[in-house]
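Visitor: Supplied structure: input-v3.txt, compact mmCIF, C-alpha atoms and all ligand atoms.
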```
# COMPACT_ATOMS: atom_id res chain seq x y z
CA MET A 1 9.52 29.20 1.07
CA SER A 2 8.33 32.46 2.52
CA ALA A 3 10.41 33.60 5.43
CA ARG A 4 7.24 34.27 7.37
CA GLN A 5 5.94 30.71 7.23
CA THR A 6 6.22 28.07 9.89
CA GLN A 7 6.91 24.64 8.46
CA ILE A 8 6.56 21.19 10.02
CA LEU A 9 7.45 17.96 8.27
CA PHE A 10 5.09 15.09 9.23
CA VAL A 11 6.25 11.50 8.89
CA GLY A 12 3.99 8.41 8.87
CA ASP A 13 4.78 4.81 9.84
CA MET A 14 8.49 4.15 9.28
CA HIS A 15 8.95 0.68 10.83
CA LEU A 16 12.67 1.33 11.07
CA GLY A 17 14.66 -1.88 11.34
CA ARG A 18 12.70 -3.53 8.56
CA LEU A 19 13.97 -3.95 5.04
CA PRO A 20 11.54 -3.87 2.13
CA ALA A 21 10.23 -7.32 1.20
CA ARG A 22 10.34 -8.85 -2.29
CA VAL A 23 13.06 -6.68 -3.83
CA GLN A 24 14.97 -8.47 -6.59
CA ALA A 25 18.67 -9.14 -6.10
CA SER A 26 20.36 -7.35 -8.99
CA ASP A 27 23.63 -5.58 -9.66
CA ARG A 28 21.72 -2.78 -11.31
CA LEU A 29 19.69 -2.03 -8.19
CA PRO A 30 20.97 -0.08 -5.19
CA PRO A 31 21.64 -2.21 -2.10
CA LEU A 32 18.53 -3.12 -0.10
CA ALA A 33 19.49 -0.81 2.76
CA GLU A 34 19.37 2.15 0.34
CA LEU A 35 15.77 1.31 -0.58
CA GLY A 36 14.28 0.76 2.86
CA PRO A 37 12.72 2.93 5.56
CA GLY A 38 16.13 3.78 7.08
CA ALA A 39 17.21 5.41 3.81
CA ALA A 40 13.83 7.17 3.48
CA TRP A 41 14.25 8.57 6.99
CA ARG A 42 17.78 9.80 6.26
CA ARG A 43 16.50 11.55 3.12
CA THR A 44 13.64 13.06 5.14
CA ALA A 45 16.08 14.44 7.73
CA ASP A 46 18.32 15.88 4.99
CA GLU A 47 15.30 17.48 3.33
CA ALA A 48 14.12 18.92 6.67
CA VAL A 49 17.54 20.60 7.06
CA ARG A 50 17.56 21.84 3.47
CA LEU A 51 14.07 23.34 3.87
CA LYS A 52 14.98 24.70 7.33
CA VAL A 53 11.72 23.34 8.76
CA ASP A 54 10.78 24.31 12.30
CA ALA A 55 9.97 20.78 13.51
CA VAL A 56 9.62 17.17 12.39
CA ALA A 57 6.63 15.18 13.71
CA LEU A 58 6.48 11.36 13.76
CA ALA A 59 3.07 9.61 13.75
CA GLY A 60 4.07 6.36 15.47
CA ASP A 61 5.29 2.89 14.43
CA VAL A 62 8.66 4.60 14.17
CA VAL A 63 10.52 1.39 15.05
CA HIS A 64 9.12 -1.92 13.90
CA GLY A 65 9.30 -4.26 16.86
CA ALA A 66 11.24 -5.98 19.59
CA GLY A 67 13.42 -8.02 17.23
CA ASP A 68 14.40 -4.98 15.17
CA THR A 69 14.85 -2.57 18.04
CA PHE A 70 18.62 -2.34 17.81
CA GLU A 71 18.75 -1.86 14.05
CA GLY A 72 15.71 0.42 14.15
CA ALA A 73 17.08 2.56 16.97
CA SER A 74 20.37 2.97 15.16
CA GLU A 75 18.61 4.04 11.95
CA LEU A 76 16.48 6.45 13.96
CA ALA A 77 19.57 7.92 15.62
CA THR A 78 21.17 8.67 12.23
CA GLY A 79 18.28 10.98 11.31
CA LEU A 80 18.01 12.44 14.80
CA VAL A 81 21.69 13.45 14.72
CA ILE A 82 21.21 15.22 11.38
CA LEU A 83 18.20 17.11 12.79
CA ALA A 84 19.83 17.90 16.15
CA ARG A 85 22.87 19.42 14.41
CA ALA A 86 20.50 21.76 12.58
CA GLY A 87 18.58 22.53 15.79
CA ILE A 88 15.32 21.04 14.47
CA PRO A 89 13.09 19.61 17.24
CA VAL A 90 11.40 16.22 16.78
CA LEU A 91 7.92 15.46 18.14
CA ALA A 92 6.42 11.98 18.16
CA VAL A 93 3.48 9.86 19.29
CA ALA A 94 3.84 6.13 19.93
CA GLY A 95 2.02 3.66 17.67
CA ASN A 96 1.03 0.08 18.43
CA HIS A 97 4.50 -1.17 17.40
CA ASP A 98 6.56 1.13 19.61
CA THR A 99 4.68 1.55 22.88
CA ARG A 100 7.78 0.49 24.80
CA VAL A 101 10.69 1.52 22.66
CA LEU A 102 9.61 5.06 21.70
CA PRO A 103 9.05 6.37 25.25
CA GLU A 104 12.45 4.88 26.11
CA LEU A 105 14.13 6.56 23.16
CA ALA A 106 12.40 9.81 24.12
CA ARG A 107 13.93 9.57 27.60
CA HIS A 108 17.38 9.47 26.01
CA GLY A 109 16.66 12.83 24.38
CA GLY A 110 16.25 14.01 20.83
CA ILE A 111 12.50 13.30 20.75
CA THR A 112 9.60 14.93 22.56
CA LEU A 113 6.91 12.31 23.15
CA LEU A 114 3.38 13.72 22.97
CA GLY A 115 0.44 12.16 24.83
CA PRO A 116 2.31 9.61 26.96
CA GLU A 117 0.23 6.80 28.48
CA GLY A 118 -2.93 7.50 26.50
CA THR A 119 -3.27 11.14 27.50
CA TRP A 120 -3.30 14.22 25.26
CA SER A 121 -0.51 16.76 25.35
CA PHE A 122 0.83 19.41 23.03
CA ALA A 123 3.94 21.27 21.94
CA ASP A 124 3.92 24.78 20.53
CA ILE A 125 6.28 25.45 17.65
CA ALA A 126 6.77 29.21 17.84
CA PRO A 127 9.75 30.46 15.84
CA GLU A 128 10.52 34.13 16.37
CA GLY A 129 8.71 36.45 13.99
CA ARG A 130 6.62 33.66 12.49
CA PRO A 131 3.21 32.15 13.27
CA ALA A 132 2.97 29.76 16.22
CA VAL A 133 1.63 26.25 15.52
CA ARG A 134 0.35 23.86 18.18
CA VAL A 135 0.82 20.12 17.67
CA VAL A 136 -1.48 17.99 19.84
CA GLY A 137 -0.80 14.27 20.21
CA TRP A 138 -1.86 11.01 21.87
CA SER A 139 0.36 7.94 22.28
CA PHE A 140 -0.55 4.22 22.37
CA PRO A 141 -0.09 3.01 25.95
CA ARG A 142 -0.02 -0.71 24.97
CA PRO A 143 0.19 -2.68 21.68
CA HIS A 144 -3.59 -3.17 21.78
CA TRP A 145 -5.97 -0.42 22.83
CA THR A 146 -9.72 -0.86 22.37
CA ASP A 147 -10.82 2.55 23.70
CA SER A 148 -11.14 5.56 21.47
CA PRO A 149 -8.41 8.15 22.05
CA LEU A 150 -11.35 10.60 22.18
CA ALA A 151 -12.58 8.89 25.38
CA VAL A 152 -10.39 11.59 26.92
CA ALA A 153 -11.12 15.01 25.39
CA PRO A 154 -8.23 16.53 23.43
CA PRO A 155 -7.32 20.13 24.30
CA PRO A 156 -9.76 22.62 22.75
CA ALA A 157 -8.73 24.64 19.72
CA VAL A 158 -7.55 28.14 20.62
CA PRO A 159 -8.84 30.95 18.37
CA GLY A 160 -6.01 32.42 16.33
CA LEU A 161 -3.64 29.50 16.96
CA VAL A 162 -3.30 26.91 14.20
CA THR A 163 -3.58 23.47 15.82
CA LEU A 164 -2.65 20.16 14.20
CA GLY A 165 -3.51 16.72 15.62
CA LEU A 166 -0.92 13.91 15.55
CA LEU A 167 -2.31 10.45 16.25
CA HIS A 168 -1.76 6.75 15.57
CA ALA A 169 -5.24 5.19 15.39
CA ASP A 170 -7.73 3.13 13.40
CA LEU A 171 -10.06 5.59 11.70
CA ASP A 172 -13.76 4.68 11.57
CA VAL A 173 -13.27 0.99 12.41
CA PRO A 174 -15.50 0.47 15.47
CA GLY A 175 -14.35 -2.43 17.63
CA SER A 176 -10.75 -2.27 16.37
CA ARG A 177 -7.98 -3.23 18.81
CA TYR A 178 -5.87 -0.36 17.49
CA ALA A 179 -7.37 2.75 19.09
CA PRO A 180 -10.62 3.01 17.09
CA VAL A 181 -11.48 6.65 16.49
CA SER A 182 -14.30 8.44 14.70
CA GLY A 183 -13.32 10.76 11.87
CA ALA A 184 -16.29 12.99 12.64
CA GLY A 185 -15.19 13.12 16.28
CA LEU A 186 -11.70 14.24 15.31
CA ALA A 187 -13.03 16.82 12.83
CA ALA A 188 -15.28 18.20 15.60
CA ALA A 189 -12.17 19.26 17.55
CA GLY A 190 -11.90 22.22 15.19
CA TYR A 191 -8.20 21.72 14.43
CA ALA A 192 -6.69 22.75 11.10
CA GLY A 193 -5.63 19.19 10.38
CA TRP A 194 -5.30 15.65 11.72
CA LEU A 195 -2.25 13.74 10.51
CA LEU A 196 -2.56 10.05 11.26
CA GLY A 197 -0.37 6.99 11.48
CA HIS A 198 -1.39 3.30 11.32
CA ILE A 199 -2.71 2.55 7.82
CA HIS A 200 0.16 2.39 5.33
CA ALA A 201 -1.75 3.58 2.25
CA PRO A 202 -1.17 7.36 1.99
CA GLY A 203 -4.33 9.49 2.02
CA ALA A 204 -4.84 12.87 0.37
CA PRO A 205 -3.65 15.66 2.68
CA SER A 206 -6.57 17.75 3.96
CA THR A 207 -6.40 21.23 5.45
CA SER A 208 -10.11 21.28 6.32
CA GLY A 209 -9.65 19.51 9.66
CA ARG A 210 -10.61 16.09 8.28
CA PRO A 211 -8.19 13.34 9.34
CA PHE A 212 -6.02 11.58 6.76
CA TYR A 213 -3.32 8.92 6.86
CA LEU A 214 0.26 9.94 6.24
CA GLY A 215 0.94 6.39 5.01
CA SER A 216 4.18 4.47 5.43
CA LEU A 217 7.20 6.67 4.76
CA SER A 218 8.41 4.10 2.24
CA GLY A 219 6.43 1.19 0.74
CA LEU A 220 7.43 -1.86 2.79
CA ASP A 221 6.10 -4.53 0.40
CA PRO A 222 4.50 -4.73 -3.07
CA THR A 223 1.00 -4.04 -1.71
CA GLU A 224 2.12 -0.57 -0.53
CA THR A 225 1.89 1.00 -3.97
CA GLY A 226 2.04 4.62 -5.03
CA VAL A 227 3.83 7.77 -3.95
CA HIS A 228 5.14 7.61 -0.38
CA GLY A 229 6.95 10.26 1.61
CA PRO A 230 6.51 12.84 4.37
CA VAL A 231 3.93 15.65 4.26
CA LEU A 232 5.17 19.23 4.57
CA VAL A 233 2.75 21.53 6.41
CA SER A 234 3.28 25.27 5.94
CA VAL A 235 1.42 27.83 8.03
CA GLY A 236 1.34 31.43 6.84
CA GLU A 237 1.05 34.62 8.85
CA GLY A 238 -2.71 34.81 8.36
CA GLY A 239 -3.13 31.25 9.64
CA ASP A 240 -3.52 29.79 6.14
CA VAL A 241 -2.38 26.17 6.02
CA ALA A 242 -0.88 24.35 3.02
CA MET A 243 0.10 20.67 2.84
CA ARG A 244 2.27 18.93 0.27
CA ARG A 245 3.44 15.33 0.04
CA MET A 246 7.13 15.00 -0.80
CA PRO A 247 7.98 11.95 -2.94
CA LEU A 248 11.11 11.00 -0.97
CA ALA A 249 10.71 7.22 -0.71
CA PRO A 250 13.62 5.63 -2.61
CA LEU A 251 11.53 2.60 -3.63
CA ARG A 252 8.12 2.82 -5.30
CA TRP A 253 5.80 -0.15 -5.82
CA LEU A 254 3.47 -0.16 -8.80
CA ALA A 255 0.73 -2.56 -9.87
CA VAL A 256 0.62 -2.62 -13.66
CA ASP A 257 -2.04 -4.23 -15.87
CA LEU A 258 -1.11 -5.20 -19.41
CA ASP A 259 -4.07 -6.10 -21.63
CA LEU A 260 -3.01 -8.41 -24.46
CA GLU A 261 -6.44 -8.67 -26.06
CA ASP A 262 -5.69 -6.53 -29.11
CA THR A 263 -2.11 -7.69 -29.55
CA ARG A 264 -0.99 -9.91 -32.42
CA GLU A 265 1.18 -12.82 -31.29
CA PRO A 266 1.36 -11.67 -27.64
CA ALA A 267 3.58 -14.59 -26.62
CA ALA A 268 6.32 -13.79 -29.14
CA ALA A 269 6.19 -10.07 -28.40
CA LEU A 270 5.76 -10.38 -24.63
CA ALA A 271 9.18 -9.11 -23.49
CA ALA A 272 8.94 -5.92 -25.57
CA LEU A 273 5.31 -5.33 -24.55
CA VAL A 274 6.17 -5.76 -20.88
CA TYR A 275 9.17 -3.41 -21.02
CA ASP A 276 7.01 -0.75 -22.71
CA ALA A 277 4.19 -1.15 -20.19
CA VAL A 278 6.59 -0.99 -17.22
CA ALA A 279 8.48 2.03 -18.56
CA GLY A 280 5.17 3.79 -19.30
CA ALA A 281 3.75 3.12 -15.84
CA CYS A 282 6.94 4.30 -14.08
CA GLU A 283 7.00 7.46 -16.19
CA ALA A 284 3.29 8.13 -15.50
CA SER A 285 3.80 7.80 -11.73
CA ARG A 286 6.67 10.26 -11.71
CA GLU A 287 6.18 13.43 -9.68
CA ALA A 288 7.94 16.77 -9.77
CA ASP A 289 11.11 16.46 -7.63
CA ASP A 290 10.77 12.71 -7.73
CA ALA A 291 13.63 10.97 -5.91
CA THR A 292 12.71 7.35 -6.67
CA LEU A 293 15.75 5.09 -7.16
CA ALA A 294 13.89 1.85 -7.93
CA PHE A 295 10.43 0.82 -9.09
CA GLY A 296 9.13 -2.60 -8.04
CA VAL A 297 6.42 -3.73 -10.44
CA ARG A 298 3.72 -6.32 -9.86
CA LEU A 299 2.54 -7.06 -13.37
CA ALA A 300 -0.76 -8.69 -14.38
CA LEU A 301 -1.38 -9.89 -17.93
CA ARG A 302 -5.03 -9.76 -18.96
CA GLY A 303 -7.39 -10.17 -21.89
CA ALA A 304 -8.50 -12.82 -24.35
CA VAL A 305 -5.75 -14.48 -26.40
CA ASP A 306 -5.68 -17.27 -29.00
CA ASP A 307 -3.07 -19.36 -27.22
CA PRO A 308 -3.13 -18.93 -23.43
CA ALA A 309 -0.56 -21.71 -22.89
CA ALA A 310 2.00 -19.90 -25.08
CA VAL A 311 1.45 -16.66 -23.14
CA ARG A 312 1.93 -18.50 -19.85
CA ALA A 313 5.15 -20.07 -21.07
CA ALA A 314 6.46 -16.70 -22.30
CA ALA A 315 5.57 -15.11 -18.94
CA VAL A 316 7.42 -17.84 -17.05
CA ALA A 317 10.49 -17.38 -19.27
CA LEU A 318 10.40 -13.63 -18.73
CA GLY A 319 10.00 -14.07 -14.98
CA GLU A 320 12.99 -16.42 -14.86
CA LYS A 321 15.20 -13.95 -16.71
CA SER A 322 14.17 -11.41 -14.05
CA GLU A 323 16.13 -8.57 -15.60
CA SER A 324 15.91 -5.11 -14.20
CA MET A 325 15.44 -2.33 -16.72
CA PRO A 326 15.98 1.42 -16.90
CA ALA A 327 12.70 3.30 -16.35
CA ALA A 328 11.85 6.95 -15.69
CA GLY A 329 15.42 7.85 -14.76
CA ALA A 330 15.62 4.97 -12.28
CA VAL A 331 15.68 1.16 -12.36
CA ALA A 332 12.58 -1.02 -12.53
CA PHE A 333 12.29 -4.70 -11.68
CA LEU A 334 9.42 -7.19 -12.02
CA GLU A 335 8.39 -8.47 -8.60
CA THR A 336 5.87 -10.95 -10.04
CA ILE A 337 4.03 -11.57 -13.29
CA THR A 338 0.55 -13.01 -12.86
CA VAL A 339 -1.19 -14.35 -15.94
CA GLU A 340 -4.91 -13.68 -16.04
CA THR A 341 -5.24 -13.94 -19.80
CA HIS A 342 -7.73 -16.47 -21.10
CA GLN A 343 -8.85 -18.30 -24.22
CA ARG A 344 -10.52 -16.19 -26.89
CA VAL A 345 -14.06 -17.63 -26.95
CA ALA A 346 -17.43 -16.34 -28.18
CA LEU A 347 -18.91 -16.71 -24.70
CA GLY A 348 -22.51 -15.82 -25.58
CA GLU A 349 -22.51 -18.47 -28.26
CA ALA A 350 -20.81 -21.12 -26.13
CA ALA A 351 -23.23 -20.44 -23.27
CA GLN A 352 -26.16 -21.55 -25.44
CA GLY A 353 -24.97 -25.14 -25.09
CA ASP A 354 -25.89 -27.48 -22.24
CA ASP A 355 -22.55 -29.30 -22.51
CA PRO A 356 -19.74 -28.73 -19.97
CA PRO A 357 -18.17 -25.83 -21.99
CA GLY A 358 -21.62 -24.22 -22.19
CA LEU A 359 -22.19 -24.50 -18.44
CA LEU A 360 -18.75 -22.99 -17.79
CA ALA A 361 -19.38 -20.18 -20.26
CA ARG A 362 -22.57 -19.29 -18.34
CA ARG A 363 -20.63 -19.11 -15.09
CA ILE A 364 -17.98 -16.90 -16.67
CA LEU A 365 -20.63 -14.55 -18.07
CA ALA A 366 -22.31 -14.33 -14.66
CA LEU A 367 -19.02 -13.72 -12.83
CA GLU A 368 -18.10 -11.02 -15.35
CA GLY A 369 -21.36 -9.28 -14.46
CA ALA A 370 -23.36 -9.92 -17.66
CA ASP A 371 -27.03 -8.92 -17.54
CA ASP A 372 -28.04 -11.76 -19.85
CA VAL A 373 -26.90 -15.30 -19.27
CA PRO A 374 -28.53 -18.06 -21.39
CA GLY A 375 -30.61 -20.44 -19.28
CA VAL A 376 -30.40 -18.22 -16.16
CA ASP A 377 -33.40 -16.14 -14.99
CA ASP A 378 -31.61 -13.91 -12.50
CA PRO A 379 -27.87 -13.61 -13.30
CA ALA A 380 -27.22 -11.25 -10.38
CA ALA A 381 -28.67 -13.67 -7.82
CA TRP A 382 -26.79 -16.55 -9.41
CA ARG A 383 -23.52 -14.58 -9.32
CA ALA A 384 -24.04 -13.98 -5.58
CA LEU A 385 -24.60 -17.72 -5.10
CA LEU A 386 -21.45 -18.61 -7.09
CA LEU A 387 -19.39 -16.19 -5.00
CA THR A 388 -20.78 -17.61 -1.76
CA GLU A 389 -19.76 -21.11 -2.93
CA ALA A 390 -16.30 -19.87 -3.94
CA ARG A 391 -15.84 -18.14 -0.62
CA ARG A 392 -16.73 -21.36 1.23
CA VAL A 393 -14.04 -23.26 -0.70
CA ILE A 394 -11.46 -20.55 0.08
CA HIS A 395 -12.54 -20.56 3.72
CA ASP A 396 -12.02 -24.34 3.96
CA VAL A 397 -8.50 -24.02 2.49
CA ASP A 398 -7.69 -21.03 4.72
CA HIS A 399 -8.48 -23.05 7.81
CA LEU A 400 -6.17 -25.94 7.01
CA ALA A 401 -3.63 -26.18 9.80
CA SER A 402 -0.68 -25.38 7.50
CA TYR A 403 -2.18 -22.02 6.48
CA ARG A 404 -3.16 -20.93 9.97
CA GLY A 405 -1.81 -17.51 10.82
CA LEU A 406 -1.25 -16.62 7.17
CA GLU A 407 -4.85 -15.84 6.44
CA GLU A 408 -5.70 -12.30 5.49
CA PRO A 409 -9.23 -11.18 4.77
CA VAL A 410 -10.06 -11.94 1.14
CA SER A 411 -12.03 -9.27 -0.70
CA ASP A 412 -15.13 -10.02 -2.79
CA ASP A 413 -13.27 -8.99 -5.91
CA GLU A 414 -10.40 -11.38 -5.14
CA VAL A 415 -12.93 -14.21 -4.71
CA ARG A 416 -14.59 -13.26 -8.00
CA ARG A 417 -11.27 -13.12 -9.88
CA GLU A 418 -10.13 -16.43 -8.43
CA ALA A 419 -13.42 -18.09 -9.43
CA LEU A 420 -13.16 -16.58 -12.93
CA ALA A 421 -9.58 -17.79 -13.32
CA THR A 422 -10.64 -21.31 -12.33
CA ALA A 423 -13.56 -21.30 -14.77
CA TRP A 424 -11.34 -20.08 -17.61
CA ALA A 425 -8.70 -22.69 -16.83
CA LEU A 426 -11.34 -25.45 -16.96
CA LEU A 427 -12.75 -24.13 -20.22
CA GLU A 428 -9.28 -24.10 -21.75
CA HIS A 429 -8.70 -27.64 -20.51
CA LEU A 430 -11.95 -28.88 -22.04
CA ASP A 431 -11.03 -27.18 -25.29
CA GLN A 432 -7.65 -28.96 -25.36
CA ASP A 433 -9.31 -32.29 -24.59
CA ARG A 434 -11.64 -31.75 -27.50
CA LYS A 435 -8.75 -30.84 -29.83
CA GLY A 436 -6.66 -33.70 -28.41
CA ARG A 437 -9.24 -36.25 -29.46
CA HIS A 438 -8.67 -35.27 -33.05
CA ALA A 439 -4.93 -34.76 -32.81
CA PRO A 440 -2.51 -37.57 -33.63
CA ASP A 441 -1.34 -39.52 -30.60
CA PRO A 442 2.05 -38.00 -29.60
CA SER A 443 3.43 -41.41 -28.55
MN MN B 501 2.31 0.61 10.94
```
The structure given in the file should be rewritten as structure tokens.
Ligand SMILES: [Mn+2]
Guide:
Amino acid sequence: MSARQTQILFVGDMHLGRLPARVQASDRLPPLAELGPGAAWRRTADEAVRLKVDAVALAGDVVHGAGDTFEGASELATGLVILARAGIPVLAVAGNHDTRVLPELARHGGITLLGPEGTWSFADIAPEGRPAVRVVGWSFPRPHWTDSPLAVAPPPAVPGLVTLGLLHADLDVPGSRYAPVSGAGLAAAGYAGWLLGHIHAPGAPSTSGRPFYLGSLSGLDPTETGVHGPVLVSVGEGGDVAMRRMPLAPLRWLAVDLDLEDTREPAAALAALVYDAVAGACEASREADDATLAFGVRLALRGAVDDPAAVRAAAVALGEKSESMPAAGAVAFLETITVETHQRVALGEAAQGDDPPGLLARRILALEGADDVPGVDDPAAWRALLLTEARRVIHDVDHLASYRGLEEPVSDDEVRREALATAWALLEHLDQDRKGRHAPDPS
């Protein structure tokens, strides 16, 4: 660090009070509390002290919700005490989860709330002998807010003063109930950067004034994959701005694909193949100064195999053993293994037939995006039709009373993969029926 730089550490959604979901219980893994947002926040505070940053800025959803307020507030206090002892000020905006609790915590001291009640306000970080930086922020007034924060103009950029925007909002989602805001509108403010809370997937830091998401400080469930941690902003004497994500989250989620297509006897070798794939993926995700303690891996097996049933059985056995394993200087565990392998079949050949396997083979070819499907004039149009049918089936299931409230929007690719899996399962079943007819009766 140059002594003449001003540094601010920006922190995305923490949801303090929550513990990460879906972590395996294992003696080899650190306790859950060491892997969650509270631990990530403590590490962030320690790092802020070590780097002697000039301020820490929180982008909202600091504390998860009413039920977790006590636990969340106590975790927050731990970090605030560390920062207060070092004389590091903390700025924050409220997100949709902490419209009540954050202003209250701010009143107790230790946090400066920016933009209370849906207004814009700013704080200048101006350490002696170093460049001043202005942080402008807007806070959620209520858990739902359908107006754009830009409905009220943010303070204009001041020539010669580096200004950074801090905001919890839904970027480029018109009609959102979570402070919908236009990225172009934010960029037009002429600030050096916009550091956003709300979406938990971390975006690429941008110093060109384009907004980006800080992402959750620590992945809260297996869908929050990748490198999570705060973003360090450094401003030099000439007003040059640099941003760097610090990989401080103790838990990292990875989605790993293992293709078994070219493997001999994949069922027998599955455990070794999986350990190699997991270790390789953890190693590949490792950053300089990586502080990951545990990797949670969602593994998908793919490809054509001779004996899909044997692969499924081996995957179930491996899942039941649920061992954690050393990986990339930390510990990895398998959160789930999904089996998307399928029967090795000459599809083009099978699709020539008008029998049930042939009709299924045509559907598989179409769903896989083939340009030529025997007996089909326009495979693309047919694929669209198949997906519409599949989506209707999913929609009917989604709206059963028992699933109400669980439904999340299903992507086109998820629909396609689900339809493909069903078609492959049927094809395998037909194949077994055919073989069964010739096999001796087991009874
Ligand atoms: Mn959030």
Visitor: Would you work out the distance separating CA of Ala425 in chain A from CA of Asp262 in chain A, expressed in Å to one decimal?
Guide: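 According to the coordinates, CA of Ala425 in chain A and CA of Asp262 in chain A are separated by 20.5 Å.
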Visitor: Which distance in Å separates CA of Thr44 in chain A and CA of Thr99 in chain A, to one decimal?
Guide: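 A separation of 23.0 Å between them.
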Visitor: Can you work out which one of A:Ala309, A:Ala73, A:Leu251, A:Ala351 has the shortest atom-to-atom distance to His108 in chain A, counting all atoms listed in the file?
Guide: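 Closest to His108 in chain A, using all atoms listed in the file: A:Ala73.
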Visitor: Of the candidates A:Thr422, A:Thr223, A:Ser121, A:Thr6, which shows the shortest atom-to-atom distance to Leu360 in chain A, using only C-alpha atoms?
Guide: A:Thr422
Visitor: Just give me the gap between CA of Asp355 in chain A and CA of His395 in chain A in Å, one decimal is fine.
Guide: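 Result for CA of Asp355 in chain A versus CA of His395 in chain A: 29.4 Å, one decimal.
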Visitor: Which chain A residues have any atom within 8 Å of an atom of ligand MN 501 (chain B), and for each, what is the nearest pair of atoms with distance in Å to one decimal, counting all atoms listed in the file, rows sorted by chain and number, as a Markdown table?
Guide:
```
| residue | atom | partner | partner_atom | distance |
| --- | --- | --- | --- | --- |
| A:Asp13 | CA | B:MN501 | MN | 5.0 |
| A:Met14 | CA | B:MN501 | MN | 7.3 |
| A:His15 | CA | B:MN501 | MN | 6.6 |
| A:Gly60 | CA | B:MN501 | MN | 7.5 |
| A:Asp61 | CA | B:MN501 | MN | 5.1 |
| A:His64 | CA | B:MN501 | MN | 7.8 |
| A:Gly95 | CA | B:MN501 | MN | 7.4 |
| A:Asn96 | CA | B:MN501 | MN | 7.6 |
| A:His97 | CA | B:MN501 | MN | 7.0 |
| A:Gly197 | CA | B:MN501 | MN | 6.9 |
| A:His198 | CA | B:MN501 | MN | 4.6 |
| A:Ile199 | CA | B:MN501 | MN | 6.2 |
| A:His200 | CA | B:MN501 | MN | 6.3 |
| A:Ser216 | CA | B:MN501 | MN | 7.0 |
```
Visitor: Can you tell me which residues surround Gly183 in chain A at a distance of at most 10 Å, considering only C-alpha atoms, apart from same-chain residues fewer than 2 positions away, and format the answer as a PyMOL selection string?
Guide: chain A and resi 170-173+180-181+185-188+194+209-212
Visitor: Within 12 Å of (-23.6, -10.0, -18.8) in the file's own coordinates, which protein, DNA or RNA residues have an atom, counting only C-alpha atoms? List them as a list in words.
Guide: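 Those residues lying close to the given coordinates are Leu347, Gly348, Ala351, Ala361, Arg362, Arg363, Ile364, Leu365, Ala366, Leu367, Glu368, Gly369, Ala370, Asp371, Asp372, Val373, Pro374, Val376, Asp378, Pro379, Ala380, Trp382 and Arg383 of chain A.
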Visitor: Keeping only C-alpha atoms, write those residues as a PDB file, in the coordinates of the input.
Guide:
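And here's again_15.pdb as it stands now:
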```pdb
ATOM      1  CA  LEU A 347     -18.910 -16.710 -24.700  1.00  0.00           C
ATOM      2  CA  GLY A 348     -22.510 -15.820 -25.580  1.00  0.00           C
ATOM      3  CA  ALA A 351     -23.230 -20.440 -23.270  1.00  0.00           C
ATOM      4  CA  ALA A 361     -19.380 -20.180 -20.260  1.00  0.00           C
ATOM      5  CA  ARG A 362     -22.570 -19.290 -18.340  1.00  0.00           C
ATOM      6  CA  ARG A 363     -20.630 -19.110 -15.090  1.00  0.00           C
ATOM      7  CA  ILE A 364     -17.980 -16.900 -16.670  1.00  0.00           C
ATOM      8  CA  LEU A 365     -20.630 -14.550 -18.070  1.00  0.00           C
ATOM      9  CA  ALA A 366     -22.310 -14.330 -14.660  1.00  0.00           C
ATOM     10  CA  LEU A 367     -19.020 -13.720 -12.830  1.00  0.00           C
ATOM     11  CA  GLU A 368     -18.100 -11.020 -15.350  1.00  0.00           C
ATOM     12  CA  GLY A 369     -21.360  -9.280 -14.460  1.00  0.00           C
ATOM     13  CA  ALA A 370     -23.360  -9.920 -17.660  1.00  0.00           C
ATOM     14  CA  ASP A 371     -27.030  -8.920 -17.540  1.00  0.00           C
ATOM     15  CA  ASP A 372     -28.040 -11.760 -19.850  1.00  0.00           C
ATOM     16  CA  VAL A 373     -26.900 -15.300 -19.270  1.00  0.00           C
ATOM     17  CA  PRO A 374     -28.530 -18.060 -21.390  1.00  0.00           C
ATOM     18  CA  VAL A 376     -30.400 -18.220 -16.160  1.00  0.00           C
ATOM     19  CA  ASP A 378     -31.610 -13.910 -12.500  1.00  0.00           C
ATOM     20  CA  PRO A 379     -27.870 -13.610 -13.300  1.00  0.00           C
ATOM     21  CA  ALA A 380     -27.220 -11.250 -10.380  1.00  0.00           C
ATOM     22  CA  TRP A 382     -26.790 -16.550  -9.410  1.00  0.00           C
ATOM     23  CA  ARG A 383     -23.520 -14.580  -9.320  1.00  0.00           C
TER      24      ARG A 383
END
```
Visitor: So, with all atoms listed in the file as the atoms that count, which of A:Leu299, A:Leu254, A:Leu426, A:Ala310 lies closest to Glu224 in chain A?
Guide: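 Among the listed residues, A:Leu254 lies closest to Glu224 in chain A.
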Visitor: Do a neighbour search on Leu164 in chain A at 9 Å with only C-alpha atoms, toss out local chain neighbours closer than 6 positions, and write the hits as a list in words.
Guide: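 In the requested form, the answer reads Val133, Arg134, Val135, Val136, Gly137, Tyr191, Ala192, Gly193, Trp194, Leu195 and Gly209 of chain A.
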Visitor: Might you pull out every residue within 10 Å of Met243 in chain A, with only C-alpha atoms counted and same-chain residues fewer than 5 positions away left off, and present them as a list in words?
Guide: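 So, after excluding close chain neighbours, the residues are Gln7, Ile8, Leu9, Phe10, Gly193, Ala204, Pro205, Ser206, Thr207, Val231, Leu232, Val233, Ser234 and Val235 of chain A.
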Visitor: Between A:Glu323, A:Asp46, A:Glu104, A:Glu287, which is the closest to Arg85 in chain A once you count all atoms listed in the file?
Guide: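 Selected residue with least distance to Arg85 in chain A: A:Asp46.
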